[in-house]
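**Q** Structure in structure tokens, see below.
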Amino acid sequence: MPTYNQRLVLELVRVRGPISRADIVRLSGLTFPSVSRIVGELIERNLIAEKRQRRGGMGKPPTELELNPESAFSIGLNVDRDHLSAVIVDLAGVVKGHYHHPLEDPSPKSVLPLLSEAAETLLNEHGVAKSLLLGAGVGLPAPLHTSAVDGLSHNSALPEDLSGWQSVALPTTLGQQLGCPVLLENNATAAAIGERWYGVGRNIDNFFFVFFGYGVGGGLILEGRPHVGFRGFAGEFGNIPIRAPKRGMPKHTGEYAAMGLLHERLKEAGVATDAETLAARYAEGDAIILEWLDTAAQHLAPALVYAEYLIDPEAIIFGGRLPAPLTDGLIERVAALLPALRHPAKPYEPRLLRGETGENAAALGAATIPIYRALTPDPVPEGRYYSRAHPATVQPMRAF
């Protein structure tokens, strides 16, 4: 892992490159001898390279430095209740490959071998040696964190089909198999990070991300970086309680807007649930899909108004595994319901946007976490839930 000053220089090269040594001195506050020594160390480690020289001005133009994207890689893995996805990205955050696998059983016994298999497949397909891995990020469908005492994930609110993950020291187990650090993140927050890094959120510093996996969750980007709250539960708007209209009916917002509910109803009708089929049947006016969209919008709209007043986001972004046409249909329905729920004097309404990262959002976000950890000037303490310690980057740059 690079030292603090090495990470400071790396971050400047990543965000501002191509950049000269003199500009690094000016922006970092380090002395020229220190910058020269650090640059030499980073070139020796193949993390940065000397590139073209700028023209103009008197005298010899300064040699510029750029990140060497092929010098290191990161893997992002996302586990949902019915689906596993993975990506591999280079040091510059460019996606090199994807991996998808349906899940019948989300238990650790079934999924752990698949996580290792997904990572190994991506490494082999793209000719990346394990020695070049900065790390792997794993998104899970619950706000899990890792204890510094026993290395186990703890969350008493996990649903029954995921409860087995509480006894899995995932960073240790998978880290030993891959030979690199493994960092956990709630998949809704990971998806928000992915959208911030790669998608429509690139130029939006404050947004709420509505993530559709098997269930529905939320991720927060505030002042350009993820925000997860004190114990990692910030954004979990799917658990907002509501007054059930009848005894025995769901009592939380997310239960009415979960894709899992839509899939169950379609399967009962003998309909496939892949993205292409969903989009085609929506275009044909499928009654099951339209009813689900109407119900989901009715329950999401009040929760999103709460988010508007609590965090005042510039935008609310909808994304994840919900196909684009259905996402657009849901946004239209939510947009029609929100005005009646807002205070009439509210002067500003956040934009409602469809995300651009699609079903890979959470895996992409998970993959950026090891890169962020390696490049940001502020260290992430070992043995702690990663997002709990998310540091700010050097201003005015944004890490995500």
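Letters for chains follow the order of the structure tokens (A, B, ...), residue numbers begin at 1 for each chain, and ligand numbers begin at 1 in the order shown.
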Considering only C-alpha atoms, tabulate each residue of stretch 158-266 of chain A that lies at most 8 Å from stretch 360-363 of chain A along with its nearest interatomic pair and the corresponding distance in Å to one decimal; arrange the rows by chain and ascending residue number and present them as CSV.
**A**
```
residue,atom,partner,partner_atom,distance
A:Asn187,CA,A:Ala362,CA,5.4
A:Ala188,CA,A:Ala362,CA,6.7
A:Thr189,CA,A:Ala362,CA,7.7
A:Ala190,CA,A:Ala362,CA,4.8
A:Ala191,CA,A:Ala362,CA,3.7
A:Ala192,CA,A:Ala361,CA,7.4
A:Ile193,CA,A:Ala362,CA,7.8
A:Gly194,CA,A:Ala361,CA,5.1
A:Glu195,CA,A:Ala361,CA,6.3
```
**Q** Would you save the residues from that selection as a compact mmCIF listing (two decimals), in the first residue's frame, using N, CA and C atoms?
**A**
```txt
# COMPACT_ATOMS: atom_id res chain seq x y z
N ASN A 187 -24.86 -2.90 -1.04
CA ASN A 187 -24.88 -2.77 -2.50
C ASN A 187 -25.59 -1.52 -3.00
N ALA A 188 -26.50 -0.95 -2.22
CA ALA A 188 -27.14 0.30 -2.65
C ALA A 188 -26.13 1.45 -2.59
N THR A 189 -25.32 1.48 -1.56
CA THR A 189 -24.27 2.50 -1.48
C THR A 189 -23.23 2.27 -2.57
N ALA A 190 -22.87 1.00 -2.79
CA ALA A 190 -21.93 0.69 -3.86
C ALA A 190 -22.48 1.15 -5.21
N ALA A 191 -23.77 0.95 -5.44
CA ALA A 191 -24.38 1.39 -6.70
C ALA A 191 -24.34 2.91 -6.83
N ALA A 192 -24.56 3.62 -5.73
CA ALA A 192 -24.47 5.08 -5.76
C ALA A 192 -23.05 5.52 -6.10
N ILE A 193 -22.06 4.82 -5.55
CA ILE A 193 -20.67 5.11 -5.88
C ILE A 193 -20.42 4.86 -7.36
N GLY A 194 -20.93 3.73 -7.87
CA GLY A 194 -20.76 3.43 -9.28
C GLY A 194 -21.38 4.49 -10.17
N GLU A 195 -22.56 4.98 -9.79
CA GLU A 195 -23.22 6.01 -10.58
C GLU A 195 -22.45 7.33 -10.50
```
**Q** Report as a ChimeraX atom specification: the residues of stretch 140-341 of chain A with a DSSP assignment of alpha helix (DSSP H), based on the backbone of this structure.
**A** /A:170-178,187-198,253-257,259-268,275-283,287-311,324-341
**Q** Within 12 Å of A:Lys346, counting only C-alpha atoms, which residues show up once you throw out same-chain ones fewer than 6 positions away? Write them as a list in words, please.
**A** Val305, Glu308, Tyr309, Asp312, Leu338, Pro339 and Ala340 of chain A
**Q** Which neighbours of A:Pro302 fall inside 12 Å, counting only C-alpha atoms, when residues of the same chain fewer than 2 positions from it are skipped, and could you give them as a ChimeraX atom specification?
**A** /A:237-238,240-242,253-254,296-300,304-309,334-335,337-342
**Q** Go through A:Glu64, A:Gly201, A:Ala269, A:Glu11 one by one, measure the shortest atom-to-atom distance of each to A:Ala287 using only C-alpha atoms, and give the residue with the smallest value.
**A**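 Under the stated criterion, the closest residue is A:Ala269.
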**Q** With only C-alpha atoms as the atoms that count, which of A:Leu353, A:Leu10, A:Ile289, A:Ile221 lies nearest to A:Gly235?
**A**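 So, comparing all the options, the nearest one is A:Ile221.
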**Q** May I ask which of the residues A:Glu268, A:Ile331, A:Pro62, A:Ile317 is the closest one to A:Leu293, counting only C-alpha atoms?
**A** A:Ile331
**Q** List every residue of stretch 221-333 of chain A that DSSP, applied to the backbone, labels as strand (DSSP E or B), and write the result as a count of residues only.
**A** 13
**Q** Just the residues within 12 Å of A:Leu112, please, counting only C-alpha atoms, with nothing from its chain fewer than 3 positions along; format it as a list of chain:residue names.
**A** A:Leu77, A:Asn78, A:Val79, A:Leu84, A:Leu103, A:Asp105, A:Pro106, A:Ser107, A:Pro108, A:Lys109, A:Leu115, A:Ser116, A:Glu117, A:Ala118, A:Ala119, A:Val138, A:Gly164, A:Trp165, A:Val168, A:Ala169, A:Leu170, A:Pro171, A:Thr172, A:Thr173, A:Leu174, A:Gly175, A:Gln177
**Q** What does the distance between atom CA of A:Lys96 and atom CA of A:Ala129 come to in Å, to one decimal place?
**A**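 One can read the atom CA of A:Lys96 to atom CA of A:Ala129 distance as 13.9 Å.
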**Q** Measuring atom to atom with only C-alpha atoms, identify which of A:Asn186, A:Thr273, A:Thr121, A:Ser34 is nearest to A:Phe233.
**A** A:Asn186
**Q** Using only C-alpha atoms, which residue out of A:Ala315, A:Leu326, A:Trp197, A:Gly17 lies closest to A:Ala283?
**A**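 Closest to A:Ala283, using only C-alpha atoms: A:Leu326.
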**Q** Which residues come within 10 Å of A:Leu65, counting only C-alpha atoms, excluding same-chain residues fewer than 4 positions away, as a PyMOL selection string?
**A** chain A and resi 10+12-14+16-21+24+39+43+48-53
**Q** Just checking: using only C-alpha atoms, which residue out of A:Leu278, A:Leu91, A:Val25, A:Leu183 ends up closest to A:Ile369?
**A**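 Between A:Leu278, A:Leu91, A:Val25, A:Leu183, the residue approaching A:Ile369 most closely is A:Leu183.
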**Q** Which residues, written as a PyMOL selection string, have at least one atom at most 8 Å from A:Pro69, with only C-alpha atoms counted and residues fewer than 6 positions away on the same chain left out?
**A** chain A and resi 47+90-92
**Q** Keeping only all heavy atoms, take the residues you just selected and write them out as a PDB file, in the first residue's frame.
**A**
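To be explicit, this is the file written out as selection_29.pdb:
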```pdb
ATOM      1  N   LEU A  47       3.485   2.670 -11.356  1.00  0.00           N
ATOM      2  CA  LEU A  47       2.157   3.219 -11.124  1.00  0.00           C
ATOM      3  C   LEU A  47       1.912   4.474 -11.954  1.00  0.00           C
ATOM      4  O   LEU A  47       0.777   4.766 -12.315  1.00  0.00           O
ATOM      5  CB  LEU A  47       1.970   3.532  -9.641  1.00  0.00           C
ATOM      6  CG  LEU A  47       1.911   2.302  -8.720  1.00  0.00           C
ATOM      7  CD1 LEU A  47       1.924   2.737  -7.256  1.00  0.00           C
ATOM      8  CD2 LEU A  47       0.686   1.460  -9.013  1.00  0.00           C
ATOM      9  N   ASP A  90      -9.315  -1.194 -14.423  1.00  0.00           N
ATOM     10  CA  ASP A  90      -7.902  -0.864 -14.258  1.00  0.00           C
ATOM     11  C   ASP A  90      -7.740   0.308 -13.300  1.00  0.00           C
ATOM     12  O   ASP A  90      -8.722   0.813 -12.737  1.00  0.00           O
ATOM     13  CB  ASP A  90      -7.230  -0.609 -15.609  1.00  0.00           C
ATOM     14  CG  ASP A  90      -7.780   0.619 -16.339  1.00  0.00           C
ATOM     15  OD1 ASP A  90      -8.376   1.502 -15.687  1.00  0.00           O
ATOM     16  OD2 ASP A  90      -7.604   0.703 -17.571  1.00  0.00           O
ATOM     17  N   LEU A  91      -6.496   0.737 -13.102  1.00  0.00           N
ATOM     18  CA  LEU A  91      -6.210   1.765 -12.103  1.00  0.00           C
ATOM     19  C   LEU A  91      -6.903   3.083 -12.413  1.00  0.00           C
ATOM     20  O   LEU A  91      -7.209   3.857 -11.505  1.00  0.00           O
ATOM     21  CB  LEU A  91      -4.696   1.984 -11.996  1.00  0.00           C
ATOM     22  CG  LEU A  91      -4.200   2.883 -10.866  1.00  0.00           C
ATOM     23  CD1 LEU A  91      -4.556   2.303  -9.500  1.00  0.00           C
ATOM     24  CD2 LEU A  91      -2.685   3.093 -10.964  1.00  0.00           C
ATOM     25  N   ALA A  92      -7.184   3.326 -13.693  1.00  0.00           N
ATOM     26  CA  ALA A  92      -7.875   4.556 -14.086  1.00  0.00           C
ATOM     27  C   ALA A  92      -9.388   4.417 -13.979  1.00  0.00           C
ATOM     28  O   ALA A  92     -10.114   5.364 -14.258  1.00  0.00           O
ATOM     29  CB  ALA A  92      -7.492   4.937 -15.511  1.00  0.00           C
TER      30      ALA A  92
END
```
**Q** Please indicate the distance in Å from atom CA of A:His98 to atom CA of A:Gln166, rounded to one decimal place.
**A** 27.6 Å
